[in-house]
file model.cif (mmCIF, C-alpha atoms)
data_work
loop_
_atom_site.label_atom_id
_atom_site.label_comp_id
_atom_site.auth_asym_id
_atom_site.auth_seq_id
_atom_site.Cartn_x
_atom_site.Cartn_y
_atom_site.Cartn_z
CA MET A 1 34.68 -21.88 -22.64
CA TYR A 2 31.93 -22.09 -25.26
CA ARG A 3 29.28 -21.64 -22.55
CA ARG A 4 31.03 -18.57 -21.14
CA THR A 5 31.24 -16.99 -24.59
CA MET A 6 27.55 -17.69 -25.15
CA ILE A 7 26.52 -16.08 -21.83
CA LYS A 8 28.67 -13.02 -22.59
CA SER A 9 27.13 -12.74 -26.07
CA LEU A 10 23.59 -12.98 -24.71
CA LEU A 11 24.31 -10.27 -22.12
CA LEU A 12 25.83 -8.05 -24.80
CA VAL A 13 22.83 -8.53 -27.13
CA TYR A 14 20.45 -7.74 -24.27
CA CYS A 15 22.33 -4.54 -23.32
CA LEU A 16 22.57 -3.37 -26.95
CA THR A 17 18.88 -4.10 -27.60
CA MET A 18 17.82 -2.17 -24.52
CA THR A 19 20.10 0.74 -25.34
CA TYR A 20 19.81 1.10 -29.11
CA GLY A 21 17.28 -1.46 -30.27
CA CYS A 22 14.24 0.78 -30.31
CA LYS A 23 13.46 4.45 -30.26
CA LYS A 24 11.59 4.14 -26.98
CA ASN A 25 13.65 4.57 -23.87
CA PRO A 26 12.29 1.93 -21.48
CA LEU A 27 13.53 3.89 -18.46
CA ASP A 28 11.43 6.96 -19.35
CA TYR A 29 7.88 7.02 -17.98
CA ARG A 30 6.66 8.66 -21.22
CA SER A 31 7.70 5.66 -23.32
CA LYS A 32 4.42 3.83 -22.70
CA TYR A 33 2.51 6.63 -24.47
CA ILE A 34 4.79 6.96 -27.53
CA GLY A 35 3.60 5.65 -30.90
CA GLU A 36 1.39 6.15 -33.93
CA TYR A 37 -2.22 7.08 -33.32
CA HIS A 38 -5.58 7.45 -35.06
CA PHE A 39 -6.98 10.81 -34.03
CA THR A 40 -10.44 12.30 -34.13
CA PHE A 41 -10.35 16.06 -33.83
CA HIS A 42 -13.56 17.98 -33.21
CA GLU A 43 -13.11 21.72 -33.69
CA ILE A 44 -15.63 24.41 -32.77
CA VAL A 45 -14.82 27.99 -33.80
CA ASN A 46 -17.22 30.70 -32.72
CA THR A 47 -16.66 34.37 -33.65
CA PRO A 48 -19.16 37.19 -34.30
CA LEU A 49 -18.73 36.65 -38.07
CA HIS A 50 -18.14 32.95 -38.25
CA TYR A 51 -19.25 29.69 -36.70
CA SER A 52 -17.95 26.29 -37.63
CA ASP A 53 -18.25 22.86 -36.13
CA THR A 54 -15.99 20.37 -37.89
CA ALA A 55 -14.70 16.87 -37.21
CA TYR A 56 -11.43 15.56 -38.68
CA PHE A 57 -10.17 12.00 -38.81
CA ILE A 58 -6.40 12.16 -39.02
CA GLU A 59 -3.28 10.08 -38.43
CA GLY A 60 -0.49 11.23 -36.18
CA THR A 61 2.18 10.40 -33.69
CA VAL A 62 2.88 10.96 -30.03
CA ASP A 63 6.59 11.48 -29.48
CA TYR A 64 8.97 12.75 -26.81
CA GLY A 65 8.65 16.50 -26.37
CA MET A 66 10.98 19.43 -25.99
CA ASN A 67 11.80 18.76 -22.34
CA SER A 68 11.97 15.76 -20.05
CA SER A 69 8.29 15.87 -19.08
CA SER A 70 6.56 16.86 -22.31
CA ILE A 71 5.24 15.08 -25.38
CA THR A 72 4.61 16.30 -28.93
CA ILE A 73 1.41 15.28 -30.70
CA SER A 74 1.99 15.65 -34.46
CA PHE A 75 -0.60 15.31 -37.23
CA SER A 76 -0.03 14.01 -40.71
CA PRO A 77 -1.25 15.26 -43.09
CA SER A 78 -1.91 18.47 -41.21
CA ASP A 79 -3.15 20.57 -44.17
CA SER A 80 -6.74 20.62 -42.94
CA LEU A 81 -5.78 21.89 -39.49
CA SER A 82 -4.49 25.31 -38.58
CA PHE A 83 -1.57 23.73 -36.68
CA SER A 84 0.62 20.67 -37.21
CA SER A 85 1.50 19.72 -33.64
CA ILE A 86 0.63 20.22 -29.99
CA GLU A 87 3.12 20.23 -27.14
CA ALA A 88 1.82 19.11 -23.75
CA THR A 89 3.24 18.28 -20.35
CA VAL A 90 2.53 14.70 -19.31
CA TYR A 91 2.61 13.50 -15.71
CA GLU A 92 3.35 9.95 -14.60
CA ASP A 93 -0.36 9.14 -14.22
CA GLY A 94 -1.07 10.28 -17.79
CA THR A 95 -2.54 13.67 -16.94
CA LEU A 96 -1.87 16.26 -19.68
CA THR A 97 -1.62 20.00 -19.27
CA GLY A 98 -0.86 22.78 -21.73
CA PHE A 99 2.83 23.37 -22.36
CA ARG A 100 4.09 26.93 -21.69
CA ASN A 101 1.48 29.27 -23.19
CA ASN A 102 -0.86 26.62 -24.60
CA HIS A 103 -4.26 26.36 -22.99
CA GLY A 104 -5.06 22.71 -22.89
CA SER A 105 -5.83 19.83 -20.62
CA GLY A 106 -6.45 16.14 -20.96
CA GLU A 107 -5.20 12.74 -20.04
CA PHE A 108 -4.14 9.32 -21.22
CA LEU A 109 -7.03 7.09 -20.21
CA ALA A 110 -4.77 4.06 -20.68
CA SER A 111 -1.33 3.69 -22.23
CA ASN A 112 -2.93 3.60 -25.71
CA LYS A 113 -5.86 6.03 -25.42
CA MET A 114 -5.82 9.77 -24.92
CA LYS A 115 -8.04 12.81 -24.94
CA TYR A 116 -7.06 16.46 -24.99
CA HIS A 117 -9.02 19.69 -24.93
CA LEU A 118 -7.51 22.78 -26.55
CA GLN A 119 -9.24 26.01 -25.76
CA GLY A 120 -9.00 29.71 -26.35
CA HIS A 121 -11.54 32.28 -25.27
CA SER A 122 -11.80 36.02 -25.66
CA VAL A 123 -14.62 38.48 -25.06
CA ALA A 124 -16.42 37.83 -28.34
CA SER A 125 -15.02 34.56 -29.65
CA SER A 126 -14.06 31.13 -28.59
CA TYR A 127 -12.13 28.16 -29.87
CA ASP A 128 -12.54 24.59 -28.62
CA GLY A 129 -10.71 21.59 -30.02
CA TYR A 130 -11.49 18.11 -28.67
CA LEU A 131 -8.84 15.55 -29.59
CA LEU A 132 -9.36 11.81 -29.11
CA GLY A 133 -6.54 9.44 -29.94
CA GLU A 134 -6.11 5.68 -30.02
CA ARG A 135 -2.80 3.98 -30.71
CA LYS A 136 -2.68 1.83 -33.91
CA MET B 1 0.68 -13.57 -17.94
CA LYS B 2 -1.10 -15.67 -15.31
CA LYS B 3 -1.29 -18.60 -17.75
CA THR B 4 2.47 -18.41 -18.32
CA ILE B 5 3.13 -18.53 -14.59
CA ILE B 6 0.76 -21.48 -14.09
CA ILE B 7 2.43 -23.39 -16.96
CA LEU B 8 5.87 -22.60 -15.48
CA CYS B 9 4.78 -23.89 -12.04
CA PHE B 10 3.36 -27.05 -13.62
CA PHE B 11 6.59 -27.61 -15.54
CA ILE B 12 8.64 -27.14 -12.37
CA LEU B 13 6.52 -29.65 -10.43
CA CYS B 14 6.84 -32.18 -13.27
CA ILE B 15 10.63 -32.10 -13.35
CA ARG B 16 11.09 -32.11 -9.60
CA VAL B 17 10.74 -35.87 -9.03
CA PRO B 18 13.30 -37.14 -11.62
CA GLY B 19 15.57 -34.28 -10.56
CA GLN B 20 15.55 -35.50 -6.97
CA ASP B 21 16.56 -38.98 -8.16
CA THR B 22 19.62 -37.45 -9.81
CA ILE B 23 20.60 -35.82 -6.53
CA LYS B 24 20.34 -39.05 -4.59
CA LYS B 25 22.69 -40.78 -7.05
CA GLY B 26 25.36 -38.08 -7.03
CA SER B 27 26.98 -36.26 -4.18
CA GLY B 28 29.31 -33.32 -3.85
CA GLY B 29 28.21 -31.88 -7.20
CA LYS B 30 29.86 -28.83 -8.74
CA TRP B 31 26.67 -27.61 -10.40
CA GLN B 32 23.28 -27.61 -8.79
CA THR B 33 19.94 -26.44 -10.13
CA ALA B 34 17.08 -25.68 -7.79
CA ILE B 35 13.60 -24.25 -7.70
CA LYS B 36 13.10 -21.34 -5.35
CA GLY B 37 9.67 -20.23 -4.19
CA GLY B 38 8.45 -18.09 -1.36
CA ILE B 39 6.46 -15.17 -0.07
CA TYR B 40 7.54 -11.81 1.26
CA PHE B 41 6.39 -9.08 3.57
CA LYS B 42 7.48 -5.61 2.56
CA SER B 43 7.91 -2.95 5.23
CA PHE B 44 10.11 0.05 5.94
CA PHE B 45 12.90 1.24 8.19
CA GLY B 46 11.95 4.36 10.12
CA LYS B 47 8.65 6.16 9.85
CA LYS B 48 6.26 5.40 7.02
CA TYR B 49 5.02 8.96 6.58
CA ILE B 50 6.87 10.96 3.89
CA SER B 51 7.24 14.50 5.18
CA PRO B 52 6.73 17.22 2.56
CA THR B 53 9.88 19.13 1.61
CA PRO B 54 10.08 22.64 0.12
CA ILE B 55 9.54 22.69 -3.64
CA SER B 56 11.70 24.78 -5.93
CA LEU B 57 11.08 25.46 -9.63
CA ASP B 58 14.04 23.32 -10.69
CA ASP B 59 12.73 20.21 -8.91
CA LYS B 60 11.32 17.35 -10.94
CA GLU B 61 7.80 16.12 -10.25
CA SER B 62 9.07 12.73 -9.11
CA GLU B 63 11.11 14.33 -6.31
CA HIS B 64 7.95 15.45 -4.50
CA GLN B 65 5.40 13.06 -5.92
CA PHE B 66 4.84 11.22 -2.65
CA ASP B 67 5.15 14.17 -0.26
CA GLY B 68 2.50 13.90 2.46
CA PHE B 69 1.82 10.25 1.64
CA THR B 70 2.25 7.16 3.81
CA LYS B 71 4.15 4.09 2.63
CA VAL B 72 1.97 0.99 3.01
CA PRO B 73 3.37 -2.48 3.91
CA THR B 74 2.53 -5.18 1.34
CA PHE B 75 2.75 -8.91 0.69
CA GLY B 76 3.87 -10.69 -2.46
CA SER B 77 5.53 -13.79 -3.84
CA GLU B 78 8.51 -15.06 -5.81
CA ILE B 79 9.35 -18.19 -7.78
CA GLY B 80 12.24 -19.10 -10.02
CA ILE B 81 15.13 -21.30 -11.00
CA MET B 82 18.54 -20.99 -9.35
CA VAL B 83 21.82 -22.46 -10.55
CA SER B 84 24.82 -22.64 -8.23
CA TYR B 85 28.43 -23.51 -8.92
CA LYS B 86 30.90 -24.70 -6.29
CA VAL B 87 34.12 -22.68 -6.60
CA ALA B 88 35.84 -23.78 -3.40
CA LYS B 89 35.19 -26.05 -0.44
CA TYR B 90 32.97 -23.53 1.34
CA TRP B 91 32.15 -21.13 -1.45
CA GLN B 92 29.61 -21.17 -4.27
CA LEU B 93 28.37 -18.72 -6.88
CA SER B 94 24.69 -18.65 -7.67
CA SER B 95 22.48 -17.08 -10.30
CA GLY B 96 19.23 -17.82 -12.12
CA LEU B 97 15.94 -16.29 -13.12
CA LEU B 98 13.28 -15.20 -10.64
CA TYR B 99 9.73 -14.04 -11.15
CA PHE B 100 9.15 -11.51 -8.37
CA ASN B 101 5.83 -9.84 -7.70
CA ARG B 102 6.75 -6.53 -6.03
CA LYS B 103 4.27 -3.93 -4.86
CA ASP B 104 4.58 -0.27 -3.91
CA ILE B 105 1.64 1.49 -2.30
CA PHE B 106 1.54 5.13 -1.17
CA GLU B 107 -1.65 6.51 0.25
CA SER B 108 -2.93 9.72 1.71
CA ASN B 109 -6.35 10.82 2.81
CA ILE B 110 -8.72 13.29 1.24
CA ASP B 111 -8.19 15.94 3.92
CA THR B 112 -4.41 15.92 3.44
CA VAL B 113 -4.62 16.07 -0.35
CA TYR B 114 -7.28 18.79 -0.17
CA LYS B 115 -5.01 20.83 2.09
CA TYR B 116 -1.95 20.52 -0.19
CA HIS B 117 -3.96 20.84 -3.40
CA TYR B 118 -5.55 24.11 -2.45
CA SER B 119 -2.53 25.61 -0.75
CA GLY B 120 -0.69 25.28 -4.05
CA GLY B 121 1.67 22.73 -2.57
CA THR B 122 1.05 19.94 -5.03
CA PRO B 123 0.71 19.75 -8.79
CA PHE B 124 -0.13 16.07 -8.68
CA ASN B 125 -3.66 15.98 -9.91
CA SER B 126 -5.48 15.23 -6.64
CA ILE B 127 -4.15 11.69 -6.38
CA ILE B 128 -4.75 10.13 -2.97
CA LYS B 129 -3.31 6.68 -3.62
CA TYR B 130 -0.61 5.24 -5.87
CA GLU B 131 -0.58 1.47 -6.20
CA TYR B 132 2.12 -0.14 -8.33
CA VAL B 133 2.30 -3.87 -8.98
CA MET B 134 5.49 -4.91 -10.73
CA GLN B 135 5.69 -8.42 -12.19
CA ASN B 136 9.46 -8.51 -12.38
CA PHE B 137 11.80 -10.95 -14.03
CA GLU B 138 15.02 -10.65 -12.05
CA ILE B 139 18.49 -12.10 -12.22
CA PRO B 140 20.01 -12.81 -8.80
CA ILE B 141 23.77 -12.81 -8.46
CA MET B 142 24.82 -14.34 -5.16
CA ILE B 143 27.92 -15.50 -3.31
CA ILE B 144 27.26 -18.43 -0.99
CA PHE B 145 29.22 -19.44 2.08
CA LYS B 146 28.40 -23.01 3.05
CA THR B 147 28.83 -24.61 6.44
CA SER B 148 27.82 -28.19 7.22
CA ARG B 149 24.06 -27.54 7.03
CA PHE B 150 23.68 -23.76 6.63
CA TYR B 151 24.08 -21.62 3.49
CA PHE B 152 24.74 -17.89 3.93
CA GLN B 153 24.19 -15.83 0.79
CA ALA B 154 24.85 -12.22 -0.13
CA GLY B 155 24.35 -10.48 -3.44
CA VAL B 156 21.90 -8.56 -5.55
CA ASN B 157 18.67 -9.09 -7.47
CA ILE B 158 18.64 -7.19 -10.77
CA PRO B 159 15.29 -6.67 -12.54
CA ILE B 160 15.64 -7.12 -16.31
CA LEU B 161 11.99 -6.75 -17.32
CA SER B 162 8.96 -5.48 -15.48
CA PHE B 163 5.26 -5.64 -16.29
CA LYS B 164 3.95 -2.67 -14.37
CA ARG B 165 0.35 -2.01 -13.41
CA ALA B 166 -0.19 1.43 -11.89
CA THR B 167 -3.52 2.19 -10.24
CA TYR B 168 -4.12 5.85 -9.43
CA THR B 169 -6.93 6.78 -7.06
CA TYR B 170 -8.13 10.36 -7.45
CA MET B 171 -10.10 12.64 -5.21
CA VAL B 172 -13.07 14.08 -7.12
CA ASN B 173 -15.88 16.38 -6.14
CA LEU B 174 -19.02 14.33 -6.73
CA ALA B 175 -21.49 17.17 -6.17
CA PRO B 176 -19.85 20.54 -6.95
CA ASN B 177 -22.56 22.59 -5.25
CA TYR B 178 -22.18 20.77 -1.96
CA ILE B 179 -18.46 19.86 -2.06
CA THR B 180 -18.90 16.14 -1.56
CA TRP B 181 -15.59 14.40 -2.07
CA GLY B 182 -15.36 10.92 -3.50
CA THR B 183 -12.82 8.84 -5.40
CA THR B 184 -12.28 7.48 -8.87
CA GLN B 185 -9.54 5.23 -10.27
CA LYS B 186 -7.44 4.89 -13.38
CA VAL B 187 -5.22 1.95 -14.35
CA ILE B 188 -2.22 2.22 -16.65
CA GLU B 189 -0.32 -0.91 -17.65
CA SER B 190 3.08 -0.92 -19.29
CA MET B 191 6.22 -2.95 -19.82
CA GLU B 192 9.29 -1.29 -18.37
CA VAL B 193 12.92 -1.81 -17.62
CA GLN B 194 13.78 -0.60 -14.16
CA PHE B 195 17.18 0.77 -13.35
CA ARG B 196 17.19 -0.76 -9.90
CA VAL B 197 19.24 -3.18 -7.89
CA PHE B 198 17.99 -4.94 -4.76
CA PRO B 199 20.83 -5.93 -2.38
CA SER B 200 19.95 -9.23 -0.78
CA LEU B 201 20.97 -11.41 2.18
CA GLN B 202 19.78 -14.97 2.65
CA VAL B 203 20.19 -17.91 5.01
CA SER B 204 19.05 -21.41 4.11
CA TYR B 205 19.24 -24.74 5.90
CA ASP B 206 19.82 -28.18 4.42
CA LEU B 207 16.84 -30.12 5.71
CA LYS B 208 16.83 -33.79 4.76
CA ILE B 209 13.39 -35.38 4.49
CA ASN B 210 13.58 -39.12 3.66
CA SER B 211 16.95 -38.54 1.99
CA TYR B 212 15.51 -35.75 -0.18
CA SER B 213 17.11 -32.34 0.24
CA VAL B 214 14.91 -29.34 0.90
CA TYR B 215 16.26 -25.96 1.90
CA PRO B 216 13.96 -23.64 3.87
CA PHE B 217 15.23 -20.09 3.61
CA ILE B 218 14.74 -16.64 5.04
CA ALA B 219 16.00 -13.61 3.18
CA ILE B 220 15.90 -9.86 3.15
CA ASP B 221 16.05 -7.57 0.10
CA PHE B 222 16.66 -3.85 0.44
CA GLY B 223 14.66 -1.54 -1.82
CA SER B 224 14.29 2.16 -2.42
CA MET B 225 12.76 4.59 0.09
CA ARG B 226 14.15 2.61 3.05
CA SER B 227 12.04 -0.42 2.22
CA TYR B 228 12.90 -4.05 2.88
CA TYR B 229 11.38 -7.32 1.72
CA LEU B 230 11.40 -10.01 4.40
CA GLN B 231 11.13 -13.35 2.62
CA GLY B 232 10.55 -16.97 3.53
CA GLY B 233 10.14 -20.09 1.46
CA LEU B 234 11.73 -23.24 0.11
CA ILE B 235 14.55 -24.09 -2.24
CA ILE B 236 14.14 -27.52 -3.82
CA PRO B 237 17.13 -28.93 -5.73
CA ILE B 238 16.13 -30.59 -9.00
CA PHE B 239 19.43 -31.43 -10.66
CA GLN B 240 23.00 -31.90 -9.60
CA LYS B 241 26.03 -32.63 -11.76
CA THR B 242 29.39 -33.91 -10.58
CA LYS B 243 32.56 -32.90 -12.36
CA LYS B 244 34.00 -35.69 -14.52
#
call {"tool": "encode", "arguments": {"input": "model.cif", "output": "structure tokens"}}
result
Amino acid sequence: MYRRTMIKSLLLVYCLTMTYGCKKNPLDYRSKYIGEYHFTFHEIVNTPLHYSDTAYFIEGTVDYGMNSSSITISFSPSDSLSFSSIEATVYEDGTLTGFRNNHGSGEFLASNKMKYHLQGHSVASSYDGYLLGERK
Amino acid sequence: MKKTIIILCFFILCIRVPGQDTIKKGSGGKWQTAIKGGIYFKSFFGKKYISPTPISLDDKESEHQFDGFTKVPTFGSEIGIMVSYKVAKYWQLSSGLLYFNRKDIFESNIDTVYKYHYSGGTPFNSIIKYEYVMQNFEIPIMIIFKTSRFYFQAGVNIPILSFKRATYTYMVNLAPNYITWGTTQKVIESMEVQFRVFPSLQVSYDLKINSYSVYPFIAIDFGSMRSYYLQGGLIIPIFQKTKK
């Protein structure tokens, strides 16, 4: 009787842990990429009146995105950047592409390392942002 | 991971000898603990080629991920501890914990991927081979029908934890001016919980060697995508307890 109760309790604990125990959903292929990251962001802005080449070292998170195949890369603090987050589509192999109208591409090199290239070009100006991230 | 498995194997070998002594002393036990170890050959029912199907905008990537690929037969191994309980004269229930090394390989060739890639048929990043190695910890739940020497089992293997190693082989253009295709690889490792169940059938035979019991077995597990795992190996009882 005692043994049966113990087995039932263990099964219940296992099910509850897997369901509610952590934010990550172990059944979702994106879960291996979710977490807190150190980012290096290298930004090159080139317009007829302005040129800048700046590197930022910032903290941030990779989290589940707006739909079932996207992730959100958020920066904190984001004051120094002109945006606070990036949304990207992630494929099972870690390849990243721009989400909706974003122009970006990149990949997760492993489950804890990523790179992403944001770009925008017009006739006279260009914007390139190179993001490198490593999970803490 | 490998160290853990080696230590587990060593531990199992150490307890086997005193365990067998226990079996010789008792007979007709209600509970029985055994070590199960074996190898498997994974193959498929029907054709191995996965024919491409029309893609609509609502489809998920995973629904067409392996279109145009060929499923590749693989080999692997399993080892674990099984506990069985006699519920009636001919019937037993069995469960335990198994380490199961399962592999899934899908491969294509450069010409096929090139054709689909440039006809707009695939968004899958020029991958020509997917290789997944899952180091699974699984709980088998089996019903056993016992005759005088044969044991017929039916049930399921349920993975509870999986250490997954995915190796992606990509087609890349090595010399853009001359279009020379080559390959590159990327490995992504992760720990996952799989929502899968493997139905299983097994037959084992009570083979007495110098009064020690050894049970050779053959088994078949049924997986996804019409796959099956044909298994063979040994079950070695290590402990048996009679009801007082």
call {"tool": "resolve_selection", "arguments": {"input": "model.cif", "expression": "the PyMOL selection byres ((chain A and resi 72-76) around 10)", "output": "ChimeraX atom specification"}}
result
/A:34-39,58-66,70-71,77-81,83-90,99,133
call {"tool": "write_last_selection", "arguments": {"input": "model.cif", "atoms": "C-alpha atoms", "output": "compact mmCIF listing (two decimals), keeping the file's coordinate frame"}}
result
# COMPACT_ATOMS: atom_id res chain seq x y z
CA ILE A 34 4.79 6.96 -27.53
CA GLY A 35 3.60 5.65 -30.90
CA GLU A 36 1.39 6.15 -33.93
CA TYR A 37 -2.22 7.08 -33.32
CA HIS A 38 -5.58 7.45 -35.06
CA PHE A 39 -6.98 10.81 -34.03
CA ILE A 58 -6.40 12.16 -39.02
CA GLU A 59 -3.28 10.08 -38.43
CA GLY A 60 -0.49 11.23 -36.18
CA THR A 61 2.18 10.40 -33.69
CA VAL A 62 2.88 10.96 -30.03
CA ASP A 63 6.59 11.48 -29.48
CA TYR A 64 8.97 12.75 -26.81
CA GLY A 65 8.65 16.50 -26.37
CA MET A 66 10.98 19.43 -25.99
CA SER A 70 6.56 16.86 -22.31
CA ILE A 71 5.24 15.08 -25.38
CA PRO A 77 -1.25 15.26 -43.09
CA SER A 78 -1.91 18.47 -41.21
CA ASP A 79 -3.15 20.57 -44.17
CA SER A 80 -6.74 20.62 -42.94
CA LEU A 81 -5.78 21.89 -39.49
CA PHE A 83 -1.57 23.73 -36.68
CA SER A 84 0.62 20.67 -37.21
CA SER A 85 1.50 19.72 -33.64
CA ILE A 86 0.63 20.22 -29.99
CA GLU A 87 3.12 20.23 -27.14
CA ALA A 88 1.82 19.11 -23.75
CA THR A 89 3.24 18.28 -20.35
CA VAL A 90 2.53 14.70 -19.31
CA PHE A 99 2.83 23.37 -22.36
CA GLY A 133 -6.54 9.44 -29.94
call {"tool": "resolve_selection", "arguments": {"input": "model.cif", "expression": "the PyMOL selection byres ((chain B) within 12 of (chain A))", "output": "ChimeraX atom specification"}}
result
/B:59-62,65,123-127,129-132,139,160-170,185-196
call {"tool": "resolve_selection", "arguments": {"input": "model.cif", "expression": "the PyMOL selection byres ((chain B and resi 154) around 7)", "output": "MDAnalysis selection string"}}
result
chainID B and resid 142:144 152:153 155 200:202
call {"tool": "axis_aligned_box", "arguments": {"input": "model.cif", "around": "range 160-171 of chain B", "padding_each_side": "6 Å", "output": "JSON"}}
result
{"center_x": 2.8, "center_y": 2.8, "center_z": -11.3, "size_x": 37.7, "size_y": 31.8, "size_z": 24.1}
call {"tool": "atom_distance", "arguments": {"input": "model.cif", "atom1": "CA of Glu138 in chain B", "atom2": "CA of Glu107 in chain B"}}
result
26.9 Å
call {"tool": "atom_distance", "arguments": {"input": "model.cif", "atom1": "CA of Ala124 in chain A", "atom2": "CA of Ile44 in chain A"}}
result
14.2 Å
call {"tool": "residues_around", "arguments": {"input": "model.cif", "residues": "range 75-80 of chain B", "least_positions_apart": "3", "cutoff": "7 Å", "atoms": "only C-alpha atoms", "output": "list in words"}}
result
Ile35, Lys36, Gly37, Gly38, Ile39, Tyr40, Phe41, Lys42, Leu97, Leu98, Tyr99, Phe100, Asn101 and Arg102 of chain B
call {"tool": "residues_around", "arguments": {"input": "model.cif", "residues": "Tyr205 in chain B", "least_positions_apart": "6", "cutoff": "12 Å", "atoms": "only C-alpha atoms", "output": "PyMOL selection string"}}
result
chain B and resi 145-153+213-219+232-236
call {"tool": "closest_residue", "arguments": {"input": "model.cif", "among": "B:Val197, B:Ile50, B:Met171, B:Ile128", "to": "Ile158 in chain B", "atoms": "all atoms listed in the file"}}
result
B:Val197
call {"tool": "atom_distance", "arguments": {"input": "model.cif", "atom1": "CA of Leu57 in chain B", "atom2": "CA of Gly98 in chain A"}}
result
17.2 Å
